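File shown: data16.cif (mmCIF, C-alpha atoms).
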```cif
data_upload
#
loop_
_atom_site.label_atom_id
_atom_site.label_comp_id
_atom_site.auth_asym_id
_atom_site.auth_seq_id
_atom_site.Cartn_x
_atom_site.Cartn_y
_atom_site.Cartn_z
CA MET M 1 -8.08 -5.50 14.66
CA ASN M 2 -8.51 -9.22 14.89
CA ALA M 3 -6.75 -10.85 17.85
CA THR M 4 -5.87 -13.91 15.79
CA PRO M 5 -2.24 -13.71 14.61
CA SER M 6 -1.67 -13.27 10.91
CA TRP M 7 1.55 -13.72 9.00
CA ARG M 8 1.58 -10.03 8.07
CA GLU M 9 0.23 -8.15 11.07
CA PRO M 10 0.09 -4.33 10.76
CA TYR M 11 1.79 -2.58 13.69
CA LEU M 12 0.24 0.85 14.21
CA VAL M 13 2.25 3.62 15.90
CA VAL M 14 0.75 6.99 16.82
CA THR M 15 3.36 9.73 17.26
CA PRO M 16 3.01 12.47 19.92
CA GLU M 17 1.91 14.77 17.08
CA GLY M 18 -1.00 12.43 16.34
CA VAL M 19 0.44 11.11 13.08
CA GLN M 20 -0.22 7.42 12.44
CA VAL M 21 2.65 5.30 11.12
CA ILE M 22 2.02 1.73 10.03
CA TYR M 23 4.73 -0.91 10.07
CA THR M 24 4.37 -4.57 9.14
CA ALA M 25 5.41 -6.96 11.89
CA ALA M 26 7.97 -9.51 10.70
CA GLY M 27 6.50 -13.02 10.64
CA LEU M 28 7.92 -16.46 11.35
CA ALA M 29 9.21 -17.02 7.81
CA SER M 30 11.18 -13.78 7.41
CA ARG M 31 12.59 -13.90 10.94
CA SER M 32 13.61 -17.53 10.52
CA LEU M 33 15.40 -16.79 7.25
CA ALA M 34 17.24 -13.87 8.87
CA ALA M 35 18.24 -16.13 11.76
CA VAL M 36 19.55 -18.76 9.34
CA VAL M 37 21.80 -16.15 7.69
CA ASP M 38 23.08 -14.95 11.06
CA TYR M 39 23.78 -18.45 12.38
CA VAL M 40 25.61 -19.41 9.20
CA ILE M 41 27.94 -16.47 9.90
CA ILE M 42 28.26 -17.42 13.58
CA ILE M 43 29.00 -21.07 12.80
CA THR M 44 31.61 -19.99 10.26
CA LEU M 45 33.30 -17.81 12.88
CA LEU M 46 33.26 -20.57 15.48
CA ALA M 47 34.52 -23.16 12.99
CA THR M 48 37.40 -20.87 12.08
CA ILE M 49 38.32 -20.42 15.74
CA LEU M 50 38.00 -24.18 16.36
CA VAL M 51 40.37 -24.95 13.49
CA MET M 52 42.88 -22.46 14.84
CA VAL M 53 42.66 -23.99 18.32
CA ALA M 54 42.99 -27.51 16.91
CA ILE M 55 46.12 -26.52 15.00
CA ASN M 56 47.67 -25.01 18.12
CA GLU M 57 46.65 -28.01 20.19
CA GLY M 58 48.84 -30.25 18.06
CA THR M 59 51.95 -28.40 19.21
CA SER M 60 50.73 -27.47 22.71
CA SER M 61 50.50 -29.44 25.94
CA ALA M 62 47.49 -27.53 27.20
CA ASN M 63 44.85 -29.57 28.98
CA GLN M 64 42.00 -30.62 26.68
CA ASP M 65 39.40 -29.96 29.40
CA VAL M 66 40.61 -26.36 29.68
CA ILE M 67 40.44 -25.97 25.90
CA LEU M 68 36.91 -27.37 25.79
CA ALA M 69 35.84 -25.05 28.62
CA LEU M 70 37.33 -22.07 26.80
CA LEU M 71 35.56 -23.11 23.60
CA ALA M 72 32.21 -23.32 25.45
CA ILE M 73 32.72 -19.82 26.88
CA LEU M 74 33.81 -18.53 23.49
CA THR M 75 30.72 -20.05 21.85
CA PHE M 76 28.46 -18.18 24.27
CA VAL M 77 30.36 -14.91 23.85
CA VAL M 78 30.33 -15.09 20.04
CA ASN M 79 26.68 -16.19 19.88
CA TRP M 80 25.46 -13.50 22.28
CA GLY M 81 27.94 -10.78 21.37
CA TYR M 82 27.25 -11.11 17.64
CA PHE M 83 23.60 -10.06 17.98
CA VAL M 84 24.28 -7.35 20.56
CA PHE M 85 27.14 -5.87 18.55
CA PHE M 86 25.34 -5.65 15.23
CA GLU M 87 21.95 -4.57 16.61
CA TRP M 88 23.74 -1.80 18.48
CA ILE M 89 25.93 -0.40 15.68
CA TRP M 90 23.29 -0.96 12.98
CA ASN M 91 20.30 0.37 14.96
CA GLY M 92 18.39 -2.87 15.38
CA GLN M 93 19.77 -4.87 12.46
CA THR M 94 22.09 -7.85 12.11
CA PRO M 95 23.48 -8.99 8.75
CA GLY M 96 20.55 -11.41 8.45
CA LYS M 97 17.96 -8.78 9.33
CA ARG M 98 19.58 -6.29 6.97
CA LEU M 99 19.47 -8.82 4.12
CA LEU M 100 15.77 -9.52 4.78
CA ARG M 101 15.04 -5.80 5.39
CA LEU M 102 13.99 -6.29 9.02
CA ARG M 103 14.65 -4.01 11.99
CA VAL M 104 14.17 -4.18 15.75
CA LEU M 105 12.22 -1.26 17.24
CA ARG M 106 11.08 -0.39 20.73
CA GLU M 107 7.34 -0.63 21.31
CA GLY M 108 5.78 2.58 20.07
CA GLY M 109 8.14 2.81 17.12
CA ARG M 110 11.13 4.27 18.97
CA PRO M 111 14.68 3.28 17.98
CA VAL M 112 16.02 0.36 20.00
CA ASP M 113 18.56 1.22 22.72
CA ILE M 114 21.46 -0.76 24.15
CA GLY M 115 19.49 -1.78 27.26
CA ALA M 116 16.71 -3.38 25.24
CA ILE M 117 19.24 -5.01 22.91
CA VAL M 118 21.08 -6.64 25.83
CA VAL M 119 17.85 -7.87 27.48
CA ARG M 120 16.30 -9.34 24.30
CA ASN M 121 19.50 -11.19 23.47
CA LEU M 122 20.10 -12.48 27.01
CA MET M 123 16.63 -14.03 26.77
CA ARG M 124 17.71 -15.77 23.57
CA ALA M 125 19.05 -18.65 25.69
CA ILE M 126 15.56 -19.23 27.12
CA ASP M 127 13.87 -18.78 23.74
CA PHE M 128 16.15 -21.52 22.38
CA LEU M 129 14.86 -24.10 24.89
CA PRO M 130 14.24 -27.02 24.73
CA PHE M 131 15.99 -26.94 21.33
CA LEU M 132 15.93 -24.99 18.03
CA TYR M 133 14.04 -21.99 19.49
CA GLY M 134 11.18 -24.14 20.78
CA ILE M 135 9.87 -21.60 23.30
CA GLY M 136 10.61 -18.68 20.98
CA LEU M 137 8.67 -20.19 18.09
CA VAL M 138 5.65 -20.97 20.27
CA THR M 139 5.65 -17.43 21.65
CA MET M 140 5.99 -15.92 18.17
CA PHE M 141 3.11 -18.02 16.89
CA VAL M 142 0.80 -16.96 19.75
CA ASP M 143 1.72 -13.27 19.87
CA ARG M 144 -0.10 -11.09 17.33
CA TYR M 145 3.13 -9.25 16.44
CA HIS M 146 5.21 -12.45 16.33
CA ARG M 147 7.42 -11.45 19.25
CA ARG M 148 9.56 -14.05 20.96
CA LEU M 149 10.03 -14.08 24.73
CA GLY M 150 13.06 -11.81 24.43
CA ASP M 151 11.00 -9.20 22.57
CA LEU M 152 8.21 -9.32 25.15
CA THR M 153 10.71 -8.93 28.00
CA ALA M 154 12.64 -6.08 26.36
CA GLY M 155 9.58 -4.32 24.93
CA THR M 156 10.71 -4.66 21.31
CA VAL M 157 9.14 -5.67 18.02
CA VAL M 158 10.73 -6.74 14.72
CA VAL M 159 9.21 -5.04 11.66
CA HIS M 160 9.67 -4.98 7.91
CA GLU M 161 11.66 -1.92 6.93
CA ALA M 162 10.19 0.43 4.33
CA MET M 163 11.81 0.89 0.95
CA PRO M 164 14.77 3.29 1.22
CA LEU M 165 14.01 6.89 0.31
CA THR M 166 16.28 7.91 -2.55
CA LEU M 167 16.56 11.10 -4.59
CA GLU M 168 15.25 9.23 -7.62
CA ARG M 169 12.11 8.17 -5.75
CA VAL M 170 11.57 11.67 -4.37
CA MET M 171 11.84 13.23 -7.85
CA GLN M 172 9.45 10.74 -9.45
CA PRO M 173 5.99 12.21 -10.09
CA VAL M 174 3.34 10.84 -7.75
CA VAL M 175 0.63 9.03 -9.66
CA ILE M 176 -2.31 7.57 -7.76
CA GLN M 177 -4.69 5.45 -9.79
CA VAL M 178 -8.18 6.17 -8.46
CA PRO M 179 -11.19 5.36 -10.67
CA PRO M 180 -13.27 8.44 -11.56
CA ARG M 181 -16.76 9.07 -10.25
CA ALA M 182 -19.72 7.72 -12.13
CA PRO M 183 -21.16 10.18 -14.69
CA ASP M 184 -24.50 10.27 -12.87
CA ALA M 185 -22.97 10.78 -9.41
CA PRO M 186 -24.48 13.70 -7.47
CA PRO M 187 -22.38 16.86 -6.96
CA THR M 188 -22.27 16.27 -3.20
CA PRO M 189 -19.96 13.74 -1.46
CA LEU M 190 -21.22 10.17 -1.34
CA VAL M 191 -19.37 9.46 1.92
CA PRO M 192 -20.95 10.90 5.08
CA ASN M 193 -18.73 12.95 7.40
CA VAL M 194 -15.84 12.89 4.94
CA GLU M 195 -14.93 16.42 6.05
CA ARG M 196 -13.81 14.91 9.37
CA LEU M 197 -10.62 13.63 7.78
CA THR M 198 -7.56 15.44 9.08
CA ALA M 199 -4.36 16.30 7.22
CA ALA M 200 -2.66 13.36 8.95
CA ASP M 201 -5.47 11.01 7.81
CA LEU M 202 -5.14 12.23 4.23
CA ALA M 203 -1.34 11.86 4.30
CA LEU M 204 -1.71 8.28 5.53
CA LEU M 205 -4.17 7.38 2.73
CA LEU M 206 -1.97 8.97 0.08
CA GLU M 207 1.11 7.17 1.39
CA PHE M 208 -0.66 3.82 1.20
CA LEU M 209 -2.03 4.43 -2.30
CA GLN M 210 1.37 5.65 -3.53
CA ARG M 211 3.35 2.73 -2.09
CA ARG M 212 0.88 -0.16 -2.22
CA ASP M 213 2.46 -1.68 -5.33
CA GLU M 214 5.73 -2.02 -3.40
CA LEU M 215 4.09 -4.18 -0.72
CA GLN M 216 3.80 -7.93 -0.78
CA ALA M 217 0.29 -9.21 -1.39
CA GLU M 218 -0.47 -10.23 2.20
CA ALA M 219 0.98 -7.04 3.69
CA ARG M 220 -0.97 -4.94 1.20
CA SER M 221 -4.23 -6.70 2.03
CA ASP M 222 -3.67 -6.44 5.79
CA LEU M 223 -2.81 -2.74 5.65
CA ALA M 224 -5.77 -1.94 3.40
CA THR M 225 -8.14 -3.78 5.74
CA HIS M 226 -6.76 -1.95 8.75
CA LEU M 227 -6.91 1.47 7.08
CA ALA M 228 -10.47 0.87 5.92
CA ALA M 229 -11.49 -0.03 9.48
CA VAL M 230 -9.80 3.12 10.84
CA LEU M 231 -11.57 5.24 8.21
CA ARG M 232 -14.98 3.76 9.00
CA GLN M 233 -14.45 4.45 12.68
CA ARG M 234 -13.28 8.02 12.04
CA LEU M 235 -16.26 8.73 9.75
CA ALA M 236 -18.77 6.95 12.01
CA LEU M 237 -19.64 4.44 9.30
CA PRO M 238 -20.83 0.88 9.93
CA PRO M 239 -18.47 -2.04 9.21
CA GLY M 240 -18.29 -3.01 5.56
CA SER M 241 -17.54 -6.23 3.69
CA GLY M 242 -16.37 -4.86 0.35
CA ASP M 243 -12.89 -4.48 -1.08
CA PRO M 244 -10.98 -2.28 1.41
CA GLU M 245 -8.77 -0.73 -1.30
CA ARG M 246 -11.80 0.30 -3.35
CA PHE M 247 -13.28 1.82 -0.19
CA ILE M 248 -10.08 3.81 0.48
CA GLU M 249 -10.10 5.08 -3.10
CA HIS M 250 -13.79 5.97 -2.76
CA VAL M 251 -13.17 7.95 0.44
CA LEU M 252 -10.27 9.86 -1.12
CA ARG M 253 -12.30 10.65 -4.25
CA GLU M 254 -15.27 11.94 -2.22
CA TYR M 255 -12.95 13.92 0.03
CA HIS M 256 -11.77 15.84 -3.03
CA VAL M 257 -15.43 16.46 -3.96
CA ALA M 258 -16.06 17.91 -0.51
CA GLN M 259 -12.93 20.06 -0.76
CA ALA M 260 -14.02 21.38 -4.16
CA ILE M 261 -17.42 22.36 -2.75
CA MET M 262 -15.81 24.16 0.20
CA SER M 263 -13.45 25.96 -2.16
CA ARG M 264 -16.32 27.23 -4.32
CA GLN M 265 -18.26 28.36 -1.26
CA SER M 266 -15.31 30.39 0.00
CA GLU M 267 -14.92 32.30 -3.28
#
```
Could you render the structure as structure tokens?
Amino acid sequence: MNATPSWREPYLVVTPEGVQVIYTAAGLASRSLAAVVDYVIIITLLATILVMVAINEGTSSANQDVILALLAILTFVVNWGYFVFFEWIWNGQTPGKRLLRLRVLREGGRPVDIGAIVVRNLMRAIDFLPFLYGIGLVTMFVDRYHRRLGDLTAGTVVVHEAMPLTLERVMQPVVIQVPPRAPDAPPTPLVPNVERLTAADLALLLEFLQRRDELQAEARSDLATHLAAVLRQRLALPPGSGDPERFIEHVLREYHVAQAIMSRQSE
């Protein structure tokens, strides 16, 4: 995979069972929009509290310096506590992340825990320096998975969440559009070593081909390129420069040819 950051970087997770799961790392644009939503909510909360304090101040003799100090403390508590609270009860999501379909995960694809949530949000104060997330934005731009300093410290990554699995989607018939073989194609597979594909490899290819129309253009292109590279490595094929989606379809089609041959031989 190229070390140069892209706006839609695939994040590959390999489970202990050897199954590969591909997420799409959230980029600057989606994370910034989620942050805007969250800070609008935070500012609204703080403004409401400030109005309430101002109203009480008109009939109270409390020292203004004490009130300002309390407001500063309250601002920190609300700003920090907001992210910790929601990421904890919503398993890595705040209202902004939920709206943009983003989620915080531990490295390796594990669910985020309270320790990581606290650490990544404590580092938010440093990410914000010198102003408007200056350090955080620089770190996100340099890191291939667009992680800010808090993510790097806590061992977390923000990814795009997959489409929710509903009963309607499960019951829909699976239709994968793969062009047929050429009429003059030989009866043997045109892809060397295609029998090396495992059940997990096949499931990954089918998942991509089934869901590719749900992906945004850049994410779809990045995932197809990554999958094609993984396939070439698994099948001991040299690097290619063609359309990665056509290559994936070609591999799947020739895999079925190989399976048909093996089935006939076993009869």
Output of the PyMOL selection byres ((chain M and resi 90-96) around 9), listed as a count of residues only: 31
Determine the axis-aligned bounding box of all atoms of range 141-151 of chain M present in the file, pad each side by 8 Å, and express its centre and edge lengths in Å to one decimal place as lines of an AutoDock Vina configuration file.
```
center_x = 6.5
center_y = -13.6
center_z = 20.5
size_x = 29.2
size_y = 24.8
size_z = 24.4
```
Selection under test: the PyMOL selection byres ((chain M and resi 188-195) around 8); residues as a VMD selection string: chain M and resid 186 to 187 196 to 197 235 to 237 251 254 to 255 257 to 259 261
Atom pair CA of Val142 in chain M / CA of Arg124 in chain M: separation (Å):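 Atom-to-atom, CA of Val142 in chain M to CA of Arg124 in chain M, that is 17.4 Å.
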Among the residues M:Ile248, M:Leu68, M:Leu28, M:Val13, the one that comes closest to Leu137 in chain M [using all atoms listed in the file]: M:Leu28
Hits from the PyMOL selection byres ((chain M and resi 249) around 12), listed as a PyMOL selection string: chain M and resi 176-181+191+202+205-206+208-210+224+227-228+231+243-248+250-256
What would the file look like if the residues just selected were written as a PDB file, in the frame of the given file with C-alpha atoms?
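Writing the result to part06.pdb gives the following:
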```pdb
ATOM      1  CA  ILE M 176      -2.310   7.570  -7.760  1.00  0.00           C
ATOM      2  CA  GLN M 177      -4.690   5.450  -9.790  1.00  0.00           C
ATOM      3  CA  VAL M 178      -8.180   6.170  -8.460  1.00  0.00           C
ATOM      4  CA  PRO M 179     -11.190   5.360 -10.670  1.00  0.00           C
ATOM      5  CA  PRO M 180     -13.270   8.440 -11.560  1.00  0.00           C
ATOM      6  CA  ARG M 181     -16.760   9.070 -10.250  1.00  0.00           C
ATOM      7  CA  VAL M 191     -19.370   9.460   1.920  1.00  0.00           C
ATOM      8  CA  LEU M 202      -5.140  12.230   4.230  1.00  0.00           C
ATOM      9  CA  LEU M 205      -4.170   7.380   2.730  1.00  0.00           C
ATOM     10  CA  LEU M 206      -1.970   8.970   0.080  1.00  0.00           C
ATOM     11  CA  PHE M 208      -0.660   3.820   1.200  1.00  0.00           C
ATOM     12  CA  LEU M 209      -2.030   4.430  -2.300  1.00  0.00           C
ATOM     13  CA  GLN M 210       1.370   5.650  -3.530  1.00  0.00           C
ATOM     14  CA  ALA M 224      -5.770  -1.940   3.400  1.00  0.00           C
ATOM     15  CA  LEU M 227      -6.910   1.470   7.080  1.00  0.00           C
ATOM     16  CA  ALA M 228     -10.470   0.870   5.920  1.00  0.00           C
ATOM     17  CA  LEU M 231     -11.570   5.240   8.210  1.00  0.00           C
ATOM     18  CA  ASP M 243     -12.890  -4.480  -1.080  1.00  0.00           C
ATOM     19  CA  PRO M 244     -10.980  -2.280   1.410  1.00  0.00           C
ATOM     20  CA  GLU M 245      -8.770  -0.730  -1.300  1.00  0.00           C
ATOM     21  CA  ARG M 246     -11.800   0.300  -3.350  1.00  0.00           C
ATOM     22  CA  PHE M 247     -13.280   1.820  -0.190  1.00  0.00           C
ATOM     23  CA  ILE M 248     -10.080   3.810   0.480  1.00  0.00           C
ATOM     24  CA  HIS M 250     -13.790   5.970  -2.760  1.00  0.00           C
ATOM     25  CA  VAL M 251     -13.170   7.950   0.440  1.00  0.00           C
ATOM     26  CA  LEU M 252     -10.270   9.860  -1.120  1.00  0.00           C
ATOM     27  CA  ARG M 253     -12.300  10.650  -4.250  1.00  0.00           C
ATOM     28  CA  GLU M 254     -15.270  11.940  -2.220  1.00  0.00           C
ATOM     29  CA  TYR M 255     -12.950  13.920   0.030  1.00  0.00           C
ATOM     30  CA  HIS M 256     -11.770  15.840  -3.030  1.00  0.00           C
TER      31      HIS M 256
END
```
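The residue that comes closest to Gly115 in chain M, out of M:Thr156, M:Trp80, M:His146, M:Leu132 and on the basis of only C-alpha atoms, is M:Thr156.
In this structure, CA of Thr139 in chain M sits 28.5 Å away from CA of Leu46 in chain M.
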Nearby residues (all atoms listed in the file) at most 9 Å from range 71-78 of chain M, same-chain spacing under 4 positions excluded, as a list of chain:residue names: M:Ile42, M:Leu45, M:Leu46, M:Ile49, M:Leu50, M:Val53, M:Val66, M:Ile67, M:Tyr82, M:Phe83
One-decimal distance in Å that lies between CA of Thr225 in chain M and CA of Gly150 in chain M: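 Calculated distance between CA of Gly150 in chain M and CA of Thr225 in chain M is 29.4 Å.
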Which of M:Met140, M:Ala229, M:Val159, M:Ala125 sits closest to Arg106 in chain M [using all atoms listed in the file]: M:Val159
Exercise: residues within 7 Å of coordinate (7.7, -20.2, 26.2), counting only C-alpha atoms, as a list of chain:residue names: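 It turns out the residues near that spot are M:Asp127, M:Ile135, M:Gly136, M:Val138, M:Thr139, M:Leu149.
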Of the listed residues M:Val230, M:Phe131, M:Asp222, M:Asp184, that which approaches Leu204 in chain M most closely, counting only C-alpha atoms: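 For Leu204 in chain M, the nearest of the given residues is M:Val230.
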